[in-house]
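The file protein31.cif comes next; it holds mmCIF, C-alpha atoms.
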data_protein
loop_
_atom_site.label_atom_id
_atom_site.label_comp_id
_atom_site.auth_asym_id
_atom_site.auth_seq_id
_atom_site.Cartn_x
_atom_site.Cartn_y
_atom_site.Cartn_z
CA MET A 1 -1.99 23.25 11.95
CA PRO A 2 -5.38 24.96 11.99
CA TYR A 3 -7.03 22.49 9.62
CA PHE A 4 -7.11 18.75 9.80
CA THR A 5 -5.44 16.73 7.03
CA GLN A 6 -7.42 14.82 4.43
CA SER A 7 -6.85 11.47 6.17
CA ARG A 8 -8.32 12.75 9.42
CA ASN A 9 -11.16 14.45 7.57
CA ILE A 10 -12.04 11.18 5.82
CA GLU A 11 -12.02 9.28 9.11
CA LEU A 12 -14.05 11.88 10.99
CA SER A 13 -16.52 12.36 8.11
CA THR A 14 -17.17 8.62 7.98
CA LEU A 15 -17.57 8.41 11.74
CA ALA A 16 -19.95 11.39 11.79
CA PHE A 17 -21.97 9.94 8.92
CA LEU A 18 -22.40 6.56 10.58
CA GLU A 19 -23.12 8.09 13.98
CA THR A 20 -25.84 10.36 12.61
CA ASN A 21 -27.54 7.55 10.74
CA LEU A 22 -27.29 5.03 13.57
CA ASN A 23 -28.71 7.55 16.04
CA THR A 24 -31.63 8.23 13.71
CA ASP A 25 -32.54 4.69 12.69
CA TRP A 26 -31.45 2.65 15.72
CA SER A 27 -31.40 3.17 19.45
CA GLY A 28 -28.73 2.49 22.02
CA ILE A 29 -25.82 2.07 19.62
CA THR A 30 -22.50 3.56 20.63
CA THR A 31 -20.24 4.79 17.83
CA VAL A 32 -16.55 4.99 18.68
CA LYS A 33 -13.29 5.61 16.84
CA THR A 34 -10.86 3.51 18.86
CA PHE A 35 -10.64 -0.03 20.16
CA LYS A 36 -9.72 1.39 23.54
CA LYS A 37 -13.17 2.94 23.82
CA ALA A 38 -14.88 -0.12 22.35
CA TYR A 39 -13.31 -2.35 24.99
CA ASP A 40 -13.87 0.09 27.82
CA THR A 41 -16.02 -1.62 30.42
CA SER A 42 -18.29 1.46 30.52
CA THR A 43 -19.17 1.10 26.81
CA PRO A 44 -22.06 -1.34 26.41
CA ILE A 45 -22.71 -3.36 23.26
CA PRO A 46 -23.91 -2.83 20.54
CA ILE A 47 -20.89 -0.83 19.44
CA VAL A 48 -19.82 0.36 16.00
CA CYS A 49 -16.12 1.16 15.82
CA CYS A 50 -15.09 3.02 12.68
CA ARG A 51 -11.48 3.90 11.97
CA LEU A 52 -8.96 4.65 9.27
CA ALA A 53 -6.61 1.67 9.07
CA ASP A 54 -4.35 2.48 6.13
CA THR A 55 -3.68 4.89 3.29
CA ASN A 56 -2.57 3.91 -0.20
CA ASN A 57 -0.89 6.73 -2.08
CA ALA A 58 -1.03 6.65 -5.87
CA ARG A 59 -0.23 9.22 -8.52
CA LEU A 60 -3.33 10.71 -10.15
CA GLU A 61 -1.76 10.24 -13.58
CA LEU A 62 1.64 9.56 -15.10
CA GLY A 63 4.01 12.44 -14.40
CA ALA A 64 1.59 14.20 -12.05
CA THR A 65 2.59 15.30 -8.59
CA THR A 66 -0.99 15.14 -7.34
CA LEU A 67 -1.92 12.05 -5.38
CA GLU A 68 -5.16 10.20 -5.52
CA ASN A 69 -5.23 8.55 -2.14
CA ARG A 70 -7.29 5.53 -1.26
CA TYR A 71 -8.20 5.08 2.36
CA LEU A 72 -8.87 1.79 4.05
CA ILE A 73 -11.79 2.27 6.43
CA ILE A 74 -12.61 -0.57 8.80
CA VAL A 75 -15.92 -0.78 10.63
CA ASP A 76 -16.03 -3.27 13.49
CA ILE A 77 -19.46 -4.16 14.80
CA PHE A 78 -19.85 -5.62 18.29
CA THR A 79 -23.33 -6.92 19.04
CA SER A 80 -25.18 -9.02 21.58
CA SER A 81 -26.64 -11.60 19.21
CA ASP A 82 -26.07 -13.14 15.80
CA ALA A 83 -29.29 -11.63 14.43
CA GLN A 84 -28.30 -8.16 15.53
CA ARG A 85 -24.86 -8.66 14.01
CA VAL A 86 -26.35 -9.50 10.62
CA ASP A 87 -28.93 -6.70 10.73
CA LEU A 88 -26.47 -4.05 11.79
CA SER A 89 -23.83 -5.06 9.25
CA ASP A 90 -26.40 -5.05 6.45
CA TYR A 91 -27.53 -1.62 7.56
CA VAL A 92 -23.97 -0.25 7.56
CA VAL A 93 -23.25 -1.67 4.09
CA ASP A 94 -26.50 -0.20 2.79
CA LYS A 95 -25.54 3.23 4.11
CA LEU A 96 -21.97 3.13 2.84
CA ARG A 97 -22.82 2.08 -0.71
CA LEU A 98 -24.15 5.48 -1.76
CA GLY A 99 -21.25 7.50 -0.38
CA TRP A 100 -21.40 10.33 2.15
CA ILE A 101 -20.46 13.95 2.69
CA TYR A 102 -16.77 14.80 3.05
CA ASN A 103 -16.20 17.49 5.68
CA THR A 104 -13.10 19.50 6.38
CA TYR A 105 -12.60 19.88 10.10
CA ALA A 106 -10.95 22.69 12.01
CA HIS A 107 -10.81 23.86 15.60
CA ALA A 108 -13.31 26.57 16.40
CA SER A 109 -11.51 29.88 16.75
CA GLY A 110 -10.49 30.43 20.33
CA ASN A 111 -11.82 27.08 21.46
CA LYS A 112 -9.65 24.04 20.82
CA SER A 113 -12.11 21.64 22.42
CA VAL A 114 -14.66 22.20 19.66
CA ILE A 115 -14.21 21.18 16.04
CA GLU A 116 -16.22 22.62 13.20
CA ALA A 117 -17.16 20.74 10.05
CA THR A 118 -17.51 22.30 6.63
CA PRO A 119 -18.90 20.17 3.76
CA ALA A 120 -16.34 20.01 0.93
CA GLY A 121 -17.26 17.13 -1.38
CA ARG A 122 -18.14 13.49 -1.06
CA VAL A 123 -16.53 10.22 -0.10
CA PHE A 124 -17.06 7.16 -2.31
CA VAL A 125 -16.44 3.49 -1.78
CA THR A 126 -14.20 2.28 -4.60
CA ASN A 127 -13.61 -1.31 -3.43
CA TRP A 128 -15.38 -3.59 -0.99
CA ILE A 129 -12.66 -5.52 0.76
CA ALA A 130 -14.45 -7.72 3.30
CA ASN A 131 -17.65 -8.19 5.24
CA THR A 132 -16.93 -11.07 7.59
CA LYS A 133 -17.97 -12.55 10.86
CA ILE A 134 -15.08 -12.69 13.30
CA ASP A 135 -14.60 -15.92 15.13
CA LEU A 136 -11.92 -15.81 17.77
CA GLY A 137 -12.69 -19.34 18.89
CA GLU A 138 -13.95 -21.01 22.01
CA GLY A 139 -14.20 -18.95 25.17
CA ALA A 140 -14.31 -15.60 23.37
CA ASP A 141 -15.00 -12.51 25.45
CA PRO A 142 -18.70 -11.38 25.47
CA LYS A 143 -17.72 -8.36 23.38
CA ASP A 144 -16.03 -10.55 20.77
CA ARG A 145 -18.72 -13.21 20.63
CA TYR A 146 -20.87 -11.62 17.92
CA ARG A 147 -18.54 -9.49 15.89
CA GLN A 148 -18.49 -8.46 12.27
CA THR A 149 -15.89 -6.51 10.35
CA ILE A 150 -16.55 -4.48 7.23
CA SER A 151 -13.61 -3.02 5.33
CA VAL A 152 -13.82 -0.69 2.37
CA LEU A 153 -11.44 1.33 0.25
CA VAL A 154 -12.69 4.88 -0.20
CA ARG A 155 -11.61 8.03 -1.97
CA LYS A 156 -12.60 11.66 -1.86
CA SER A 157 -14.42 13.13 -4.84
CA SER A 158 -12.11 15.31 -6.90
CA MET B 159 -14.05 -5.08 -19.52
CA ALA B 160 -12.55 -4.78 -23.01
CA TYR B 161 -12.32 -7.74 -25.37
CA ARG B 162 -9.93 -8.00 -28.26
CA VAL B 163 -11.21 -9.93 -31.28
CA LYS B 164 -8.60 -11.32 -33.63
CA VAL B 165 -9.53 -12.56 -37.10
CA ILE B 166 -7.13 -15.10 -38.53
CA LYS B 167 -6.78 -16.57 -41.98
CA ARG B 168 -7.40 -20.27 -42.46
CA GLY B 169 -4.09 -22.10 -42.18
CA ASN B 170 -2.75 -19.82 -39.42
CA GLU B 171 -4.54 -21.65 -36.61
CA LYS B 172 -1.36 -23.31 -35.37
CA ASN B 173 0.42 -20.00 -34.95
CA PHE B 174 -2.62 -18.54 -33.26
CA ILE B 175 -2.88 -21.41 -30.76
CA ARG B 176 0.88 -21.23 -30.11
CA ASP B 177 0.51 -17.51 -29.42
CA ILE B 178 -2.39 -18.06 -27.01
CA LYS B 179 -0.44 -20.76 -25.14
CA LYS B 180 2.56 -18.47 -24.87
CA ARG B 181 0.45 -15.66 -23.52
CA MET B 182 -1.24 -17.96 -21.00
CA ALA B 183 2.15 -19.18 -19.77
CA HIS B 184 3.24 -15.57 -19.46
CA TYR B 185 0.09 -14.80 -17.47
CA ASP B 186 0.58 -17.80 -15.18
CA LYS B 187 4.17 -16.74 -14.47
CA GLY B 188 2.82 -13.29 -13.60
CA VAL B 189 0.36 -14.85 -11.15
CA GLU B 190 3.19 -16.80 -9.54
CA ILE B 191 5.43 -13.73 -9.20
CA PHE B 192 2.63 -11.60 -7.81
CA SER B 193 1.56 -14.30 -5.37
CA ARG B 194 5.08 -14.23 -3.89
CA ARG B 195 5.01 -10.44 -3.85
CA THR B 196 1.66 -10.48 -2.03
CA ALA B 197 2.91 -12.92 0.61
CA ASN B 198 6.00 -10.74 1.13
CA TYR B 199 3.83 -7.65 1.45
CA MET B 200 1.61 -9.34 4.04
CA ALA B 201 4.61 -10.52 6.04
CA ARG B 202 6.07 -6.99 5.92
CA ARG B 203 2.81 -5.52 7.25
CA VAL B 204 2.89 -8.01 10.12
CA ARG B 205 6.49 -7.07 10.98
CA GLU B 206 5.66 -3.37 10.81
CA GLY B 207 2.64 -3.83 13.03
CA VAL B 208 4.46 -5.46 15.94
CA ARG B 209 3.83 -3.31 19.00
CA ARG B 210 6.12 -5.02 21.49
CA LYS B 211 9.55 -5.80 20.11
CA PRO B 212 11.41 -8.08 19.79
CA SER B 213 8.88 -10.49 18.33
CA THR B 214 9.37 -14.15 17.53
CA GLY B 215 8.53 -13.46 13.87
CA ARG B 216 6.53 -16.69 13.83
CA LEU B 217 3.41 -15.22 12.21
CA ALA B 218 5.31 -13.25 9.55
CA ASN B 219 7.54 -16.22 8.71
CA SER B 220 4.58 -18.56 8.31
CA ILE B 221 3.02 -16.50 5.51
CA LYS B 222 3.90 -18.27 2.28
CA SER B 223 2.63 -18.18 -1.28
CA TYR B 224 1.17 -21.10 -3.20
CA VAL B 225 0.21 -21.38 -6.84
CA THR B 226 -1.71 -24.29 -8.34
CA PHE B 227 -2.26 -24.79 -12.04
CA GLY B 228 -4.79 -27.10 -13.62
CA GLY B 229 -7.83 -27.27 -15.86
CA GLY B 230 -7.09 -23.89 -17.35
CA VAL B 231 -7.39 -22.25 -13.92
CA THR B 232 -4.54 -20.73 -11.95
CA VAL B 233 -5.11 -20.26 -8.24
CA ALA B 234 -2.75 -18.28 -6.05
CA ASP B 235 -2.81 -18.08 -2.26
CA ALA B 236 -0.83 -15.89 0.04
CA GLY B 237 -0.93 -17.21 3.58
CA ARG B 238 -2.85 -20.39 4.30
CA LYS B 239 -4.69 -20.82 7.57
CA SER B 240 -3.11 -24.23 8.09
CA ASP B 241 0.37 -22.66 8.06
CA LEU B 242 -0.44 -19.82 10.43
CA PRO B 243 -0.15 -19.96 14.19
CA ARG B 244 -3.39 -20.23 16.17
CA TYR B 245 -3.38 -16.56 17.15
CA TRP B 246 -3.49 -15.20 13.57
CA ALA B 247 -7.13 -14.07 13.94
CA ALA B 248 -6.63 -12.32 17.27
CA VAL B 249 -3.62 -10.44 15.86
CA ASN B 250 -5.45 -9.47 12.66
CA TYR B 251 -8.87 -8.55 14.04
CA GLY B 252 -7.83 -7.56 17.55
CA GLY B 253 -9.86 -8.33 20.64
CA ILE B 254 -9.50 -10.12 23.89
CA ILE B 255 -7.64 -13.43 23.85
CA PRO B 256 -10.21 -16.22 24.21
CA GLY B 257 -10.30 -17.17 27.86
CA GLY B 258 -9.02 -13.67 28.63
CA GLY B 259 -8.27 -13.04 32.22
CA LYS B 260 -7.00 -16.61 32.50
CA PHE B 261 -3.80 -17.02 34.48
CA VAL B 262 -0.93 -18.17 32.25
CA ARG B 263 2.08 -19.70 33.97
CA GLY B 264 5.46 -18.45 32.83
CA SER B 265 7.72 -15.44 33.02
CA PHE B 266 9.38 -12.74 30.98
CA ASP B 267 12.54 -14.02 29.29
CA GLY B 268 12.88 -16.78 31.82
CA GLU B 269 13.43 -14.42 34.75
CA GLY B 270 11.48 -14.55 37.96
CA PRO B 271 7.81 -13.59 37.76
CA ASP B 272 8.42 -10.16 39.28
CA ALA B 273 11.33 -9.29 37.01
CA ALA B 274 9.91 -7.38 34.11
CA PHE B 275 6.30 -6.83 33.31
CA ALA B 276 4.83 -4.45 30.79
CA GLY B 277 4.49 -1.01 32.26
CA VAL B 278 7.27 -1.64 34.75
CA PRO B 279 10.65 0.03 34.06
CA GLY B 280 12.71 -2.44 32.10
CA GLY B 281 9.58 -4.27 31.00
CA ALA B 282 9.73 -3.16 27.38
CA GLY B 283 11.64 -5.37 25.00
CA VAL B 284 11.29 -8.60 26.91
CA ARG B 285 9.12 -11.49 25.88
CA PHE B 286 6.78 -13.59 27.93
CA LYS B 287 7.51 -17.29 27.85
CA GLY B 288 5.10 -19.89 29.07
CA TYR B 289 6.42 -22.43 31.59
CA LYS B 290 3.79 -24.80 32.89
CA ARG B 291 5.75 -25.59 36.05
CA ARG B 292 6.37 -21.97 37.09
CA ARG B 293 4.60 -20.72 40.14
CA GLY B 294 4.38 -17.22 38.72
CA GLY B 295 2.78 -15.96 35.55
CA MET B 296 0.51 -13.30 34.20
CA ARG B 297 -3.12 -12.56 33.54
CA ALA B 298 -3.79 -10.90 30.16
CA LYS B 299 -6.25 -8.11 30.85
CA HIS B 300 -5.92 -5.85 27.87
CA PHE B 301 -7.29 -6.31 24.40
CA ILE B 302 -5.02 -6.87 21.41
CA HIS B 303 -4.86 -3.96 18.98
CA PRO B 304 -5.99 -5.05 15.53
CA MET B 305 -3.18 -5.26 13.02
CA ASN B 306 -5.52 -5.83 10.04
CA TYR B 307 -2.63 -7.19 7.99
CA ILE B 308 -5.09 -9.22 5.89
CA GLU B 309 -7.32 -6.25 4.98
CA LYS B 310 -4.30 -4.05 4.30
CA THR B 311 -2.93 -6.70 1.94
CA GLN B 312 -6.29 -7.15 0.23
CA ALA B 313 -6.57 -3.39 -0.30
CA TRP B 314 -3.04 -3.25 -1.70
CA PHE B 315 -3.78 -6.23 -3.93
CA LYS B 316 -6.96 -4.66 -5.36
CA LEU B 317 -4.99 -1.58 -6.39
CA GLU B 318 -1.71 -3.16 -7.52
CA TRP B 319 -2.76 -6.36 -9.29
CA PRO B 320 -4.62 -4.75 -12.23
CA LEU B 321 -1.65 -2.43 -12.84
CA TYR B 322 0.88 -5.24 -12.62
CA ILE B 323 -0.88 -7.74 -14.86
CA GLY B 324 -1.92 -5.03 -17.34
CA ASN B 325 1.69 -3.90 -17.74
CA ARG B 326 3.00 -7.43 -17.96
CA MET B 327 0.58 -8.51 -20.67
CA ARG B 328 1.11 -5.33 -22.69
CA LYS B 329 4.86 -5.87 -22.74
CA LYS B 330 4.43 -9.35 -24.19
#
Could I get this file's structure written as structure tokens?
Amino acid sequence: MPYFTQSRNIELSTLAFLETNLNTDWSGITTVKTFKKAYDTSTPIPIVCCRLADTNNARLELGATTLENRYLIIVDIFTSSDAQRVDLSDYVVDKLRLGWIYNTYAHASGNKSVIEATPAGRVFVTNWIANTKIDLGEGADPKDRYRQTISVLVRKSS
Amino acid sequence: MAYRVKVIKRGNEKNFIRDIKKRMAHYDKGVEIFSRRTANYMARRVREGVRRKPSTGRLANSIKSYVTFGGGVTVADAGRKSDLPRYWAAVNYGGIIPGGGKFVRGSFDGEGPDAAFAGVPGGAGVRFKGYKRRRGGMRAKHFIHPMNYIEKTQAWFKLEWPLYIGNRMRKK
């Protein structure tokens, strides 16, 4: 398939949006898409891990065949202190609240290792699900010690 | 939010109050039904998210629904912390088991410690069992993938509940 599907576009657009903003306003923050990379020993904290966790399919209207999908985006924040955890999570929430650009992604012609983004609308947060500190208990790993999770339901503008 | 204002004639108060009570009972029953449905949904998401099968099913089976009525307020819970096994957070949020890297005595399905480990042929499908007296055991090195069964259920709830209760109250 030459073009990426809407689910992948939503995930990549969100990741790109957060990465661009974090690189501009903060320093030394790694943005990743998978837990594997977040827990890689070569990835230092602070880390922002943004991924698509689930898709809810719903009909746009009664009798329609068009779907209005809602995507569950989860942003996990791994930091080195409680203060940084709070600051970074507030920053992420503040950025997400206004929505961001939806890009369609495709492989560059003749070069599969490069993907090209084309703006094609916006992504909006429709529901705020959670913004919680994660406490895995006594003896938690240094990466899990100051963690926050933010989960939102989003949709693409029609 | 839309409000419906009903004007009643004097003398019809009893009927009006009876109607309100009936509707409230209908609403409460809806809360109870949906609370069970939510707990079932959460348990299903846990079962679907199991990466190494067979699982004990302990976490999924411990998710139950509760409804409490009183003082004009109906509260519904799906999955109480006190019912859940200790590892509910690690399974939901993912991460490294606290004390990760710690040596845990035991073996896979009661066999010898070298019998079947993950990544070894024949390792899939067997379950690690802790035996304090065993000489062998394992050291958990990898992180747990997040299942996010709570967030998935919350997202589902936010979309489904307004539709369900709206339909139910319209039918009445």
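Among the candidates A:Asp82, A:Asp94, A:Glu116, A:Asp76, the residue lying nearest to chain B is A:Asp76 (atoms considered: only C-alpha atoms).
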Determine, using all atoms listed in the file, which residues of chain B have any atom at most 8 Å from an atom of chain A, and tabulate each with its shortest atom pair and distance in Å to one decimal place, rows ordered by chain and then rising number, as a Markdown table.
| residue | atom | partner | partner_atom | distance |
| --- | --- | --- | --- | --- |
| B:Ala247 | CA | A:Leu136 | CA | 6.4 |
| B:Ala248 | CA | A:Leu136 | CA | 6.4 |
| B:Tyr251 | CA | A:Ile134 | CA | 7.5 |
| B:Gly253 | CA | A:Asp144 | CA | 6.6 |
| B:Ile254 | CA | A:Asp141 | CA | 6.2 |
| B:Ile255 | CA | A:Ala140 | CA | 7.0 |
| B:Pro256 | CA | A:Ala140 | CA | 4.2 |
| B:Gly257 | CA | A:Gly139 | CA | 5.1 |
| B:Gly258 | CA | A:Asp141 | CA | 6.9 |
| B:Phe301 | CA | A:Tyr39 | CA | 7.2 |
| B:His303 | CA | A:Phe35 | CA | 7.1 |
| B:Asn306 | CA | A:Ala53 | CA | 7.6 |
| B:Glu309 | CA | A:Ile129 | CA | 6.8 |
| B:Lys310 | CA | A:Asp54 | CA | 6.8 |
| B:Gln312 | CA | A:Ile129 | CA | 6.6 |
| B:Ala313 | CA | A:Ile129 | CA | 6.5 |
| B:Trp314 | CA | A:Asn56 | CA | 7.3 |
| B:Lys316 | CA | A:Asn127 | CA | 7.7 |
Those selected residues, please, written with C-alpha atoms and delivered as a compact mmCIF listing (two decimals), in the coordinates of the input.
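In the end it all went to part_1.txt:
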# COMPACT_ATOMS: atom_id res chain seq x y z
CA ALA B 247 -7.13 -14.07 13.94
CA ALA B 248 -6.63 -12.32 17.27
CA TYR B 251 -8.87 -8.55 14.04
CA GLY B 253 -9.86 -8.33 20.64
CA ILE B 254 -9.50 -10.12 23.89
CA ILE B 255 -7.64 -13.43 23.85
CA PRO B 256 -10.21 -16.22 24.21
CA GLY B 257 -10.30 -17.17 27.86
CA GLY B 258 -9.02 -13.67 28.63
CA PHE B 301 -7.29 -6.31 24.40
CA HIS B 303 -4.86 -3.96 18.98
CA ASN B 306 -5.52 -5.83 10.04
CA GLU B 309 -7.32 -6.25 4.98
CA LYS B 310 -4.30 -4.05 4.30
CA GLN B 312 -6.29 -7.15 0.23
CA ALA B 313 -6.57 -3.39 -0.30
CA TRP B 314 -3.04 -3.25 -1.70
CA LYS B 316 -6.96 -4.66 -5.36
Can you turn the PyMOL selection byres ((chain B and resi 223-226) around 12) into a concrete residue list for this file, as a ChimeraX atom specification?
/B:186-201,219-222,227-239,241
Between CA of Lys156 (chain A) and CA of His107 (chain A) - distance in Å to one decimal:
21.4 Å
If I take CA of Glu11 (chain A) and CA of Leu52 (chain A), how far is one from the other in Å, to one decimal?
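Here the two named atoms are 5.6 Å from each other.
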Just the number, please: distance in Å from CA of Arg51 (chain A) to CA of Leu317 (chain B), one decimal.
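Spanning CA of Arg51 (chain A) to CA of Leu317 (chain B) is a straight-line distance of 20.2 Å.
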Quick one: what's the axis-aligned box for region 164-177 of chain B, all listed atoms, 8 Å on every side, centre and edges in Å to one decimal, as AutoDock Vina command-line options?
--center_x -4.3 --center_y -17.3 --center_z -35.9 --size_x 26.4 --size_y 28.0 --size_z 29.0
Please provide as a PyMOL selection string all residues within 7 Å of Thr31 (chain A), with the sequence filter that same-chain residues fewer than 4 positions apart are discarded (counting all atoms listed in the file).
chain A and resi 19+47-49
Selection export as a compact mmCIF listing (two decimals), keeping the file's coordinate frame, atoms kept: C-alpha atoms:
# COMPACT_ATOMS: atom_id res chain seq x y z
CA GLU A 19 -23.12 8.09 13.98
CA ILE A 47 -20.89 -0.83 19.44
CA VAL A 48 -19.82 0.36 16.00
CA CYS A 49 -16.12 1.16 15.82
Within-10 Å shell of (-27.7, -10.9, 20.6) in input frame, only C-alpha atoms, as number ranges by chain:
A: 45-46, 78-85, 145-146
Using only C-alpha atoms: which of B:Pro243, B:Gly294, B:Pro304, B:Gly169 has the shortest distance to Val208 (chain B):
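Among the listed residues, B:Pro304 lies closest to Val208 (chain B).
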